[in-house]
Amino acid sequence: MTTSKPLFGTGGLTAVHEAEETLRQAEQADRMGLDLFTVSDHPYFGGRLDGYSILGVALGRTRQISGLVSVSNLPTRPAPMLARQITSLSALTGGRLVLGMGAGGLWDDIEKMGAPRLGAGAAVRAMEEAITLIRKLCGGGERVTFEGEFYQVHDLDPAPVPAPPVWAGSVGPKSLAVAGRVADGWLPGYAADWLSDRYRESRPLIDEAAAAVGRDPSDIVTVYNLPGLITGRPLDAPRDKDGRWVGGSVGQWIEELTGAVLEHGAAGFVHFRVDGDPNPYDVTLGRWAEEIAPAVREAVLAAAAHG
């Protein structure tokens with residue numbers, strides 16, 4: 001059980017032709033008090049905006065909300081340069097940044113950008129090495145020399161900026177173990193939620209890996225990417241025949257997410273609008289940010305107050 005204040009975020013659009021809408025969405029989410037604005041990272045697709053370019057402009061137009069590239073496409077973003085990107089963004093925005101890390105998935109597309117294809121095991125080792133190196137290149141201190149399997153730097157100045165929290169988009173057993181050893185949070189893959197088999201089978205692997213290196217597993221938060229309809233009326237079946245959450249009324253969302261926090265330890269939720277949503281985007285975002293999020297936060301605080 002957790003009684004900490006859950007995070008609420010929204011997933012941003014990344015198509016080039018939706019650039020202005022993306023920025024408007026970030027500004028609206030900020031005004032409405034959301035915690036997080038997230039974007040995906042697929043730099044090999046010409047019709048998509050670069051994730052860190054989106055965040056740079058979006059965070060420059062906002063004042064409170066944090067940004068997350070979910071998750072950084074590591075094979076096309078060398079770790080030393082990624083460290084410079086995130087420390088620069090953090091310095092420019094007052095620390096409003098979370099670093100999302102993944103091992104890489106669409107290797108046919110990644111190769112088109114000139115990045116070498118890595119096998120599954122090597123990609124996971126590269127992710128762990130990258131997180132380790134990026135942390136060394138944050139927070140100031142002495143110059144860094146690092147001789148790794150995938151990254152080598154020599155006598156390099158670290159930025160005098162603290163490292164942001166690192167959330168891993170881990171899926172397989174080896175990647176989940178990396179999350180347990182070196183990450184601060186976990187983003188379950190395939191929009192899996194707290195009642196899914198994926199969560200039940202995966203979270204113990206994170207916890208075991210954390211405990212094995214002397215970490216408290218509870219320090220690694222779980223934040224869910226959660227697509228779904230927010231309807232004006234309750235749905236008869238807010239989950240489909242396979243048990244996947246499909247959405248419902250504001251009240252149904254509040255009940256479900258409050259239970260996820262109090263009974264399953266969820267630390268946060270990033271809502272994604274689904275195709276076919278009949279409501280204008282502003283309506284959906286308003287229900288999420290101004291009705292669901294405050295009510296869940298209040299319910300969690302009330303539960304904490306009553307022990």
# chains A, B, ... in the order shown; residues from 1 in each chain; ligands from 1

$ residues_around --residues "Pro80 in chain A" --least-positions-apart "2" --cutoff "10 Å" --atoms "only C-alpha atoms" --output "ChimeraX atom specification"
/A:77-78,82-85,130,133-134,136-137,151-153,156,158

$ write_last_selection --atoms "N, CA, C and O atoms" --output "CSV table (one decimal), in the first residue's frame"
chain,number,residue,atom,x,y,z
A,77,ARG,N,20.8,7.7,-29.5
A,77,ARG,CA,21.2,8.8,-28.7
A,77,ARG,C,22.4,8.4,-27.8
A,77,ARG,O,22.2,7.9,-26.7
A,78,PRO,N,23.6,8.5,-28.2
A,78,PRO,CA,24.8,8.1,-27.4
A,78,PRO,C,24.7,8.7,-26.0
A,78,PRO,O,24.4,9.9,-25.8
A,82,LEU,N,23.4,12.3,-24.5
A,82,LEU,CA,22.1,12.3,-23.9
A,82,LEU,C,22.2,12.9,-22.5
A,82,LEU,O,21.4,13.7,-22.0
A,83,ALA,N,23.4,12.6,-21.8
A,83,ALA,CA,23.6,13.3,-20.5
A,83,ALA,C,23.6,14.8,-20.6
A,83,ALA,O,23.1,15.5,-19.8
A,84,ARG,N,24.3,15.3,-21.7
A,84,ARG,CA,24.3,16.7,-21.9
A,84,ARG,C,22.9,17.3,-22.2
A,84,ARG,O,22.6,18.4,-21.8
A,85,GLN,N,22.2,16.6,-23.0
A,85,GLN,CA,20.8,17.0,-23.3
A,85,GLN,C,20.0,17.2,-22.0
A,85,GLN,O,19.3,18.2,-21.8
A,130,ALA,N,24.5,2.8,-19.9
A,130,ALA,CA,24.2,4.2,-20.2
A,130,ALA,C,23.7,4.9,-19.0
A,130,ALA,O,24.0,6.0,-18.7
A,133,LEU,N,26.6,5.6,-16.7
A,133,LEU,CA,27.4,6.7,-17.2
A,133,LEU,C,26.7,8.0,-17.1
A,133,LEU,O,27.4,9.0,-16.7
A,134,ILE,N,25.5,8.1,-17.4
A,134,ILE,CA,24.8,9.4,-17.4
A,134,ILE,C,24.8,9.9,-16.0
A,134,ILE,O,25.0,11.1,-15.7
A,136,LYS,N,27.0,9.4,-13.7
A,136,LYS,CA,28.4,9.9,-13.5
A,136,LYS,C,28.6,11.3,-14.1
A,136,LYS,O,29.4,12.1,-13.6
A,137,LEU,N,27.9,11.6,-15.2
A,137,LEU,CA,28.1,12.8,-15.9
A,137,LEU,C,27.1,13.9,-15.4
A,137,LEU,O,27.0,15.0,-16.0
A,151,TYR,N,30.4,2.2,-24.1
A,151,TYR,CA,30.7,3.7,-24.0
A,151,TYR,C,32.0,3.9,-23.4
A,151,TYR,O,32.4,3.2,-22.4
A,152,GLN,N,32.8,4.8,-23.9
A,152,GLN,CA,34.1,5.2,-23.4
A,152,GLN,C,34.2,6.7,-23.4
A,152,GLN,O,33.9,7.3,-24.4
A,153,VAL,N,34.5,7.3,-22.2
A,153,VAL,CA,34.7,8.7,-22.2
A,153,VAL,C,36.0,8.9,-21.4
A,153,VAL,O,36.4,8.1,-20.5
A,156,LEU,N,36.3,13.6,-18.9
A,156,LEU,CA,35.2,14.4,-19.3
A,156,LEU,C,34.6,15.1,-18.1
A,156,LEU,O,34.3,14.5,-17.1
A,158,PRO,N,31.8,16.5,-15.8
A,158,PRO,CA,30.4,16.3,-15.6
A,158,PRO,C,29.7,17.6,-15.4
A,158,PRO,O,30.3,18.6,-15.0

$ residues_around --residues "range 287-294 of chain A" --least-positions-apart "5" --cutoff "9 Å" --atoms "only C-alpha atoms" --output "VMD selection string"
chain A and resid 6 to 10 29 32 to 34 230 250 to 251 253 to 254 257 271 282 299

$ closest_residue --among "A:Asp197, A:Gly268, A:Ala115, A:Ala210" --to "Asp242 in chain A" --atoms "only C-alpha atoms"
A:Asp197

$ select_by_dssp --residues "range 103-269 of chain A" --states "helix (DSSP H, G or I)" --output "CSV table (one decimal) with N, CA, C and O atoms, in the first residue's frame"
chain,number,residue,atom,x,y,z
A,107,TRP,N,14.4,-2.3,-34.4
A,107,TRP,CA,15.8,-2.4,-34.8
A,107,TRP,C,16.0,-2.2,-36.4
A,107,TRP,O,16.9,-1.6,-36.8
A,108,ASP,N,15.0,-2.6,-37.1
A,108,ASP,CA,15.1,-2.4,-38.6
A,108,ASP,C,15.1,-0.9,-38.9
A,108,ASP,O,15.8,-0.4,-39.7
A,109,ASP,N,14.3,-0.1,-38.1
A,109,ASP,CA,14.2,1.3,-38.3
A,109,ASP,C,15.4,2.0,-37.7
A,109,ASP,O,16.0,3.0,-38.2
A,110,ILE,N,15.9,1.5,-36.5
A,110,ILE,CA,17.1,2.1,-35.9
A,110,ILE,C,18.3,1.9,-36.8
A,110,ILE,O,19.1,2.9,-36.9
A,111,GLU,N,18.4,0.8,-37.4
A,111,GLU,CA,19.6,0.6,-38.3
A,111,GLU,C,19.6,1.6,-39.5
A,111,GLU,O,20.7,1.9,-40.0
A,112,LYS,N,18.4,2.0,-39.9
A,112,LYS,CA,18.4,3.0,-41.0
A,112,LYS,C,19.1,4.3,-40.7
A,112,LYS,O,19.4,5.1,-41.6
A,120,ALA,N,19.4,-8.8,-28.1
A,120,ALA,CA,18.6,-8.4,-26.9
A,120,ALA,C,19.4,-8.3,-25.7
A,120,ALA,O,19.3,-7.3,-24.9
A,121,GLY,N,20.3,-9.2,-25.5
A,121,GLY,CA,21.2,-9.1,-24.3
A,121,GLY,C,22.1,-8.0,-24.3
A,121,GLY,O,22.3,-7.3,-23.3
A,122,ALA,N,22.7,-7.7,-25.5
A,122,ALA,CA,23.6,-6.6,-25.6
A,122,ALA,C,22.9,-5.2,-25.4
A,122,ALA,O,23.4,-4.3,-24.8
A,123,ALA,N,21.7,-5.1,-25.9
A,123,ALA,CA,20.9,-3.9,-25.8
A,123,ALA,C,20.6,-3.6,-24.4
A,123,ALA,O,20.6,-2.4,-23.9
A,124,VAL,N,20.3,-4.6,-23.6
A,124,VAL,CA,20.0,-4.4,-22.2
A,124,VAL,C,21.3,-4.0,-21.4
A,124,VAL,O,21.2,-3.1,-20.6
A,125,ARG,N,22.4,-4.6,-21.8
A,125,ARG,CA,23.6,-4.3,-21.1
A,125,ARG,C,24.0,-2.8,-21.4
A,125,ARG,O,24.5,-2.1,-20.6
A,126,ALA,N,23.7,-2.4,-22.7
A,126,ALA,CA,24.0,-1.0,-23.1
A,126,ALA,C,23.1,-0.1,-22.3
A,126,ALA,O,23.6,1.0,-22.0
A,127,MET,N,21.9,-0.4,-22.1
A,127,MET,CA,21.0,0.4,-21.3
A,127,MET,C,21.5,0.6,-19.9
A,127,MET,O,21.5,1.7,-19.4
A,128,GLU,N,21.9,-0.5,-19.2
A,128,GLU,CA,22.4,-0.3,-17.9
A,128,GLU,C,23.7,0.5,-17.8
A,128,GLU,O,23.8,1.3,-16.9
A,129,GLU,N,24.5,0.3,-18.8
A,129,GLU,CA,25.8,1.0,-18.8
A,129,GLU,C,25.5,2.5,-19.1
A,129,GLU,O,26.1,3.4,-18.5
A,130,ALA,N,24.5,2.8,-19.9
A,130,ALA,CA,24.2,4.2,-20.2
A,130,ALA,C,23.7,4.9,-19.0
A,130,ALA,O,24.0,6.0,-18.7
A,131,ILE,N,22.8,4.2,-18.2
A,131,ILE,CA,22.2,4.9,-17.0
A,131,ILE,C,23.4,5.1,-16.0
A,131,ILE,O,23.4,6.2,-15.4
A,132,THR,N,24.3,4.2,-15.9
A,132,THR,CA,25.4,4.4,-15.0
A,132,THR,C,26.3,5.5,-15.4
A,132,THR,O,26.6,6.4,-14.6
A,133,LEU,N,26.6,5.6,-16.7
A,133,LEU,CA,27.4,6.7,-17.2
A,133,LEU,C,26.7,8.0,-17.1
A,133,LEU,O,27.4,9.0,-16.7
A,134,ILE,N,25.5,8.1,-17.4
A,134,ILE,CA,24.8,9.4,-17.4
A,134,ILE,C,24.8,9.9,-16.0
A,134,ILE,O,25.0,11.1,-15.7
A,135,ARG,N,24.6,9.0,-15.0
A,135,ARG,CA,24.6,9.5,-13.6
A,135,ARG,C,26.0,10.1,-13.2
A,135,ARG,O,26.1,11.0,-12.5
A,136,LYS,N,27.0,9.4,-13.7
A,136,LYS,CA,28.4,9.9,-13.5
A,136,LYS,C,28.6,11.3,-14.1
A,136,LYS,O,29.4,12.1,-13.6
A,173,PRO,N,13.0,-10.1,-18.8
A,173,PRO,CA,13.5,-10.4,-17.5
A,173,PRO,C,14.9,-9.6,-17.2
A,173,PRO,O,15.1,-9.1,-16.1
A,174,LYS,N,15.8,-9.6,-18.2
A,174,LYS,CA,17.1,-9.0,-18.0
A,174,LYS,C,16.9,-7.5,-17.9
A,174,LYS,O,17.5,-6.8,-17.1
A,175,SER,N,16.0,-6.9,-18.7
A,175,SER,CA,15.7,-5.5,-18.6
A,175,SER,C,15.0,-5.1,-17.3
A,175,SER,O,15.3,-4.0,-16.7
A,176,LEU,N,14.1,-5.9,-16.8
A,176,LEU,CA,13.5,-5.7,-15.6
A,176,LEU,C,14.5,-5.7,-14.4
A,176,LEU,O,14.4,-4.9,-13.5
A,177,ALA,N,15.5,-6.6,-14.5
A,177,ALA,CA,16.5,-6.6,-13.5
A,177,ALA,C,17.3,-5.3,-13.5
A,177,ALA,O,17.7,-4.8,-12.4
A,178,VAL,N,17.6,-4.8,-14.7
A,178,VAL,CA,18.3,-3.5,-14.8
A,178,VAL,C,17.5,-2.4,-14.0
A,178,VAL,O,18.0,-1.6,-13.3
A,179,ALA,N,16.2,-2.4,-14.2
A,179,ALA,CA,15.3,-1.4,-13.5
A,179,ALA,C,15.5,-1.6,-12.0
A,179,ALA,O,15.6,-0.6,-11.3
A,180,GLY,N,15.5,-2.8,-11.6
A,180,GLY,CA,15.7,-3.0,-10.1
A,180,GLY,C,17.1,-2.6,-9.6
A,180,GLY,O,17.2,-2.0,-8.5
A,181,ARG,N,18.1,-2.7,-10.4
A,181,ARG,CA,19.4,-2.4,-10.0
A,181,ARG,C,19.7,-0.9,-10.0
A,181,ARG,O,20.4,-0.3,-9.1
A,182,VAL,N,19.3,-0.2,-11.1
A,182,VAL,CA,19.7,1.2,-11.3
A,182,VAL,C,18.7,2.2,-11.6
A,182,VAL,O,19.0,3.4,-11.6
A,189,GLY,N,5.5,-2.1,-20.0
A,189,GLY,CA,5.3,-2.0,-21.4
A,189,GLY,C,3.9,-2.4,-21.8
A,189,GLY,O,3.1,-3.1,-21.1
A,190,TYR,N,3.5,-2.1,-23.1
A,190,TYR,CA,2.3,-2.5,-23.7
A,190,TYR,C,1.1,-2.0,-22.9
A,190,TYR,O,0.0,-2.7,-22.9
A,191,ALA,N,1.2,-0.9,-22.2
A,191,ALA,CA,0.1,-0.3,-21.5
A,191,ALA,C,-0.5,-1.3,-20.5
A,191,ALA,O,-1.7,-1.3,-20.2
A,197,ASP,N,-1.4,-9.7,-16.0
A,197,ASP,CA,-0.4,-10.8,-15.8
A,197,ASP,C,1.0,-10.2,-16.0
A,197,ASP,O,1.9,-10.6,-15.3
A,198,ARG,N,1.1,-9.3,-16.9
A,198,ARG,CA,2.5,-8.7,-17.2
A,198,ARG,C,3.0,-8.0,-15.9
A,198,ARG,O,4.2,-8.2,-15.5
A,199,TYR,N,2.1,-7.3,-15.2
A,199,TYR,CA,2.6,-6.6,-14.0
A,199,TYR,C,2.9,-7.6,-12.9
A,199,TYR,O,4.0,-7.6,-12.3
A,200,ARG,N,2.0,-8.6,-12.7
A,200,ARG,CA,2.2,-9.6,-11.6
A,200,ARG,C,3.4,-10.4,-11.8
A,200,ARG,O,4.1,-10.8,-10.9
A,201,GLU,N,3.8,-10.7,-13.1
A,201,GLU,CA,5.0,-11.5,-13.4
A,201,GLU,C,6.2,-10.7,-13.4
A,201,GLU,O,7.3,-11.2,-13.2
A,202,SER,N,6.1,-9.4,-13.7
A,202,SER,CA,7.3,-8.6,-13.9
A,202,SER,C,7.8,-7.9,-12.7
A,202,SER,O,9.0,-7.8,-12.4
A,203,ARG,N,6.9,-7.3,-11.9
A,203,ARG,CA,7.3,-6.5,-10.7
A,203,ARG,C,8.2,-7.3,-9.7
A,203,ARG,O,9.1,-6.8,-9.2
A,204,PRO,N,7.9,-8.6,-9.5
A,204,PRO,CA,8.8,-9.3,-8.6
A,204,PRO,C,10.2,-9.4,-9.1
A,204,PRO,O,11.1,-9.5,-8.2
A,205,LEU,N,10.4,-9.4,-10.4
A,205,LEU,CA,11.8,-9.5,-10.9
A,205,LEU,C,12.5,-8.2,-10.6
A,205,LEU,O,13.7,-8.2,-10.3
A,206,ILE,N,11.8,-7.1,-10.7
A,206,ILE,CA,12.4,-5.8,-10.3
A,206,ILE,C,12.8,-5.8,-8.8
A,206,ILE,O,13.9,-5.4,-8.4
A,207,ASP,N,11.8,-6.2,-8.0
A,207,ASP,CA,12.0,-6.2,-6.6
A,207,ASP,C,13.2,-7.1,-6.1
A,207,ASP,O,14.0,-6.7,-5.3
A,208,GLU,N,13.3,-8.3,-6.8
A,208,GLU,CA,14.4,-9.2,-6.4
A,208,GLU,C,15.7,-8.6,-6.8
A,208,GLU,O,16.7,-8.7,-6.0
A,209,ALA,N,15.8,-8.0,-8.0
A,209,ALA,CA,17.1,-7.4,-8.4
A,209,ALA,C,17.5,-6.3,-7.5
A,209,ALA,O,18.6,-6.1,-7.2
A,210,ALA,N,16.5,-5.5,-7.1
A,210,ALA,CA,16.8,-4.3,-6.2
A,210,ALA,C,17.3,-4.8,-4.9
A,210,ALA,O,18.3,-4.3,-4.4
A,211,ALA,N,16.6,-5.8,-4.3
A,211,ALA,CA,17.1,-6.3,-3.0
A,211,ALA,C,18.5,-7.0,-3.1
A,211,ALA,O,19.2,-6.9,-2.1
A,212,ALA,N,18.8,-7.6,-4.2
A,212,ALA,CA,20.1,-8.2,-4.4
A,212,ALA,C,21.2,-7.3,-4.3
A,212,ALA,O,22.4,-7.7,-4.0
A,217,PRO,N,13.2,-2.1,-2.6
A,217,PRO,CA,12.3,-2.2,-3.8
A,217,PRO,C,11.2,-1.1,-3.9
A,217,PRO,O,10.8,-0.7,-5.0
A,218,SER,N,10.8,-0.7,-2.7
A,218,SER,CA,9.7,0.3,-2.7
A,218,SER,C,10.1,1.7,-3.2
A,218,SER,O,9.3,2.6,-3.5
A,219,ASP,N,11.5,1.9,-3.3
A,219,ASP,CA,12.0,3.1,-3.9
A,219,ASP,C,11.8,3.2,-5.4
A,219,ASP,O,12.0,4.3,-5.9
A,250,VAL,N,-16.2,9.4,-15.2
A,250,VAL,CA,-15.2,10.0,-14.2
A,250,VAL,C,-15.3,9.2,-12.9
A,250,VAL,O,-14.2,8.9,-12.3
A,251,GLY,N,-16.4,8.9,-12.4
A,251,GLY,CA,-16.5,8.1,-11.2
A,251,GLY,C,-15.9,6.8,-11.3
A,251,GLY,O,-15.2,6.3,-10.3
A,252,GLN,N,-16.0,6.1,-12.4
A,252,GLN,CA,-15.4,4.8,-12.6
A,252,GLN,C,-13.9,4.9,-12.6
A,252,GLN,O,-13.1,4.1,-12.0
A,253,TRP,N,-13.3,5.9,-13.2
A,253,TRP,CA,-11.9,6.2,-13.2
A,253,TRP,C,-11.4,6.5,-11.8
A,253,TRP,O,-10.4,5.9,-11.4
A,254,ILE,N,-12.1,7.3,-11.1
A,254,ILE,CA,-11.7,7.6,-9.7
A,254,ILE,C,-11.6,6.4,-8.9
A,254,ILE,O,-10.6,6.2,-8.1
A,255,GLU,N,-12.6,5.6,-8.9
A,255,GLU,CA,-12.6,4.3,-8.1
A,255,GLU,C,-11.5,3.4,-8.5
A,255,GLU,O,-10.8,2.9,-7.6
A,256,GLU,N,-11.3,3.3,-9.8
A,256,GLU,CA,-10.3,2.3,-10.3
A,256,GLU,C,-8.9,2.8,-9.9
A,256,GLU,O,-8.0,2.0,-9.4
A,257,LEU,N,-8.6,4.1,-10.1
A,257,LEU,CA,-7.2,4.6,-9.9
A,257,LEU,C,-6.9,4.7,-8.4
A,257,LEU,O,-5.8,4.5,-7.9
A,258,THR,N,-8.0,5.1,-7.6
A,258,THR,CA,-7.7,5.1,-6.1
A,258,THR,C,-7.4,3.7,-5.6
A,258,THR,O,-6.5,3.6,-4.8
A,259,GLY,N,-8.1,2.7,-6.1
A,259,GLY,CA,-7.7,1.3,-5.7
A,259,GLY,C,-6.3,1.0,-6.2
A,259,GLY,O,-5.6,0.2,-5.5
A,260,ALA,N,-5.9,1.4,-7.4
A,260,ALA,CA,-4.6,1.1,-7.9
A,260,ALA,C,-3.5,1.7,-7.0
A,260,ALA,O,-2.5,1.0,-6.7
A,261,VAL,N,-3.7,2.9,-6.5
A,261,VAL,CA,-2.8,3.5,-5.6
A,261,VAL,C,-2.8,2.8,-4.2
A,261,VAL,O,-1.7,2.4,-3.7
A,262,LEU,N,-3.9,2.7,-3.6
A,262,LEU,CA,-4.0,2.2,-2.2
A,262,LEU,C,-3.8,0.7,-2.1
A,262,LEU,O,-3.3,0.2,-1.1
A,263,GLU,N,-4.2,-0.1,-3.1
A,263,GLU,CA,-4.2,-1.5,-3.0
A,263,GLU,C,-3.0,-2.1,-3.7
A,263,GLU,O,-2.6,-3.3,-3.4
A,264,HIS,N,-2.5,-1.4,-4.8
A,264,HIS,CA,-1.5,-2.0,-5.6
A,264,HIS,C,-0.2,-1.2,-5.7
A,264,HIS,O,0.7,-1.5,-6.4

$ residues_around --residues "Leu59 in chain A" --least-positions-apart "4" --cutoff "7 Å" --atoms "only C-alpha atoms" --output "list in words"
Leu55, Gly67 and Thr93 of chain A

$ write_last_selection --atoms "all heavy atoms" --output "PDB file, in the first residue's frame"
ATOM      1  N   LEU A  55      10.074  18.526 -26.001  1.00  0.00           N
ATOM      2  CA  LEU A  55      10.158  18.902 -24.595  1.00  0.00           C
ATOM      3  C   LEU A  55      10.816  20.258 -24.407  1.00  0.00           C
ATOM      4  O   LEU A  55      10.402  21.047 -23.557  1.00  0.00           O
ATOM      5  CB  LEU A  55      10.929  17.845 -23.798  1.00  0.00           C
ATOM      6  CG  LEU A  55      10.224  16.542 -23.480  1.00  0.00           C
ATOM      7  CD1 LEU A  55      10.989  15.799 -22.395  1.00  0.00           C
ATOM      8  CD2 LEU A  55       8.783  16.746 -23.061  1.00  0.00           C
ATOM      9  N   GLY A  67       8.640  17.165 -17.833  1.00  0.00           N
ATOM     10  CA  GLY A  67       8.625  16.497 -19.122  1.00  0.00           C
ATOM     11  C   GLY A  67       9.341  15.158 -19.070  1.00  0.00           C
ATOM     12  O   GLY A  67      10.294  14.971 -18.308  1.00  0.00           O
ATOM     13  N   THR A  93      15.030  24.488 -17.073  1.00  0.00           N
ATOM     14  CA  THR A  93      13.637  24.387 -16.640  1.00  0.00           C
ATOM     15  C   THR A  93      13.481  24.258 -15.131  1.00  0.00           C
ATOM     16  O   THR A  93      12.373  23.994 -14.646  1.00  0.00           O
ATOM     17  CB  THR A  93      12.958  23.174 -17.302  1.00  0.00           C
ATOM     18  OG1 THR A  93      13.606  21.967 -16.874  1.00  0.00           O
ATOM     19  CG2 THR A  93      13.029  23.266 -18.812  1.00  0.00           C
TER      20      THR A  93
END

$ closest_residue --among "A:Ala79, A:Val223, A:Leu229, A:Met101" --to "Gly148 in chain A" --atoms "only C-alpha atoms"
A:Ala79

$ atom_distance --atom1 "CA of Gly104 in chain A" --atom2 "CA of Asn73 in chain A"
5.9 Å

$ residues_around --residues "range 272-276 of chain A" --least-positions-apart "6" --cutoff "12 Å" --atoms "only C-alpha atoms" --output "PyMOL selection string"
chain A and resi 8-13+25+37-40+191+224-231+245-247+282-288

$ select_by_dssp --residues "range 114-212 of chain A" --states "strand (DSSP E)" --output "PyMOL selection string"
chain A and resi 144-147+152-156+166-168+185-186

$ write_last_selection --atoms "all heavy atoms" --output "tab-separated table (two decimals), in the first residue's frame"
chain	number	residue	atom	x	y	z
A	144	VAL	N	35.37	12.59	-15.43
A	144	VAL	CA	34.96	11.19	-15.53
A	144	VAL	C	35.73	10.49	-16.63
A	144	VAL	O	35.79	10.97	-17.77
A	144	VAL	CB	33.44	11.09	-15.82
A	144	VAL	CG1	33.04	9.63	-16.06
A	144	VAL	CG2	32.64	11.71	-14.67
A	145	THR	N	36.31	9.36	-16.28
A	145	THR	CA	36.84	8.42	-17.27
A	145	THR	C	36.07	7.13	-17.10
A	145	THR	O	35.93	6.62	-15.98
A	145	THR	CB	38.34	8.19	-17.07
A	145	THR	OG1	39.03	9.42	-17.36
A	145	THR	CG2	38.86	7.11	-18.02
A	146	PHE	N	35.54	6.64	-18.19
A	146	PHE	CA	34.67	5.46	-18.13
A	146	PHE	C	35.03	4.55	-19.30
A	146	PHE	O	34.99	4.97	-20.46
A	146	PHE	CB	33.21	5.91	-18.23
A	146	PHE	CG	32.19	4.81	-18.08
A	146	PHE	CD1	31.69	4.47	-16.83
A	146	PHE	CD2	31.72	4.12	-19.19
A	146	PHE	CE1	30.75	3.46	-16.69
A	146	PHE	CE2	30.77	3.12	-19.06
A	146	PHE	CZ	30.28	2.78	-17.80
A	147	GLU	N	35.38	3.34	-19.00
A	147	GLU	CA	35.74	2.36	-20.03
A	147	GLU	C	34.74	1.21	-19.96
A	147	GLU	O	34.92	0.25	-19.22
A	147	GLU	CB	37.17	1.85	-19.81
A	147	GLU	CG	38.25	2.90	-20.02
A	147	GLU	CD	38.51	3.19	-21.49
A	147	GLU	OE1	37.92	2.51	-22.35
A	147	GLU	OE2	39.29	4.12	-21.76
A	152	GLN	N	32.78	4.80	-23.92
A	152	GLN	CA	34.08	5.18	-23.37
A	152	GLN	C	34.17	6.70	-23.39
A	152	GLN	O	33.92	7.33	-24.43
A	152	GLN	CB	35.24	4.60	-24.20
A	152	GLN	CG	35.28	3.07	-24.24
A	152	GLN	CD	34.36	2.48	-25.28
A	152	GLN	OE1	34.22	3.06	-26.38
A	152	GLN	NE2	33.72	1.37	-24.97
A	153	VAL	N	34.46	7.27	-22.25
A	153	VAL	CA	34.75	8.70	-22.18
A	153	VAL	C	36.03	8.88	-21.40
A	153	VAL	O	36.38	8.05	-20.54
A	153	VAL	CB	33.60	9.50	-21.53
A	153	VAL	CG1	32.30	9.32	-22.30
A	153	VAL	CG2	33.41	9.12	-20.07
A	154	HIS	N	36.74	9.98	-21.69
A	154	HIS	CA	38.06	10.17	-21.09
A	154	HIS	C	38.19	11.59	-20.57
A	154	HIS	O	38.05	12.55	-21.32
A	154	HIS	CB	39.16	9.87	-22.12
A	154	HIS	CG	39.05	8.51	-22.72
A	154	HIS	ND1	39.42	7.36	-22.05
A	154	HIS	CD2	38.57	8.11	-23.93
A	154	HIS	CE1	39.18	6.31	-22.83
A	154	HIS	NE2	38.66	6.74	-23.97
A	155	ASP	N	38.38	11.70	-19.26
A	155	ASP	CA	38.66	12.98	-18.62
A	155	ASP	C	37.58	14.01	-18.96
A	155	ASP	O	37.88	15.16	-19.28
A	155	ASP	CB	40.04	13.47	-19.08
A	155	ASP	CG	40.68	14.41	-18.06
A	155	ASP	OD1	40.37	14.29	-16.86
A	155	ASP	OD2	41.49	15.25	-18.48
A	156	LEU	N	36.32	13.60	-18.87
A	156	LEU	CA	35.19	14.43	-19.29
A	156	LEU	C	34.57	15.13	-18.09
A	156	LEU	O	34.29	14.51	-17.06
A	156	LEU	CB	34.14	13.56	-19.99
A	156	LEU	CG	32.97	14.26	-20.67
A	156	LEU	CD1	33.47	15.17	-21.79
A	156	LEU	CD2	31.99	13.23	-21.22
A	166	VAL	N	15.32	8.50	-13.10
A	166	VAL	CA	15.39	7.64	-14.28
A	166	VAL	C	14.30	6.58	-14.19
A	166	VAL	O	14.25	5.81	-13.22
A	166	VAL	CB	16.77	6.95	-14.39
A	166	VAL	CG1	16.80	6.03	-15.60
A	166	VAL	CG2	17.88	7.99	-14.47
A	167	TRP	N	13.42	6.57	-15.20
A	167	TRP	CA	12.37	5.56	-15.27
A	167	TRP	C	12.66	4.66	-16.46
A	167	TRP	O	12.87	5.15	-17.58
A	167	TRP	CB	11.00	6.20	-15.44
A	167	TRP	CG	10.55	7.02	-14.28
A	167	TRP	CD1	11.17	7.15	-13.06
A	167	TRP	CD2	9.37	7.83	-14.21
A	167	TRP	NE1	10.46	7.99	-12.24
A	167	TRP	CE2	9.33	8.43	-12.92
A	167	TRP	CE3	8.34	8.10	-15.11
A	167	TRP	CZ2	8.32	9.28	-12.53
A	167	TRP	CZ3	7.32	8.97	-14.71
A	167	TRP	CH2	7.31	9.54	-13.44
A	168	ALA	N	12.67	3.37	-16.24
A	168	ALA	CA	13.01	2.40	-17.28
A	168	ALA	C	11.75	1.80	-17.89
A	168	ALA	O	10.85	1.37	-17.17
A	168	ALA	CB	13.89	1.29	-16.71
A	185	GLY	N	12.33	4.30	-11.36
A	185	GLY	CA	10.94	4.02	-11.67
A	185	GLY	C	10.83	3.05	-12.82
A	185	GLY	O	11.79	2.79	-13.55
A	186	TRP	N	9.63	2.52	-12.99
A	186	TRP	CA	9.36	1.54	-14.04
A	186	TRP	C	8.08	1.93	-14.77
A	186	TRP	O	7.07	2.27	-14.14
A	186	TRP	CB	9.20	0.15	-13.43
A	186	TRP	CG	8.79	-0.92	-14.41
A	186	TRP	CD1	9.29	-1.15	-15.65
A	186	TRP	CD2	7.78	-1.92	-14.20
A	186	TRP	NE1	8.67	-2.23	-16.25
A	186	TRP	CE2	7.73	-2.72	-15.37
A	186	TRP	CE3	6.92	-2.23	-13.14
A	186	TRP	CZ2	6.86	-3.80	-15.51
A	186	TRP	CZ3	6.05	-3.29	-13.27
A	186	TRP	CH2	6.03	-4.08	-14.45

$ closest_residue --among "A:Gly248, A:Gly100, A:Gly243, A:Pro116" --to "Ser196 in chain A" --atoms "only C-alpha atoms"
A:Gly243

$ atom_distance --atom1 "CA of Leu89 in chain A" --atom2 "CA of Val161 in chain A"
10.0 Å

$ atom_distance --atom1 "CA of Ala58 in chain A" --atom2 "CA of Val300 in chain A"
29.6 Å
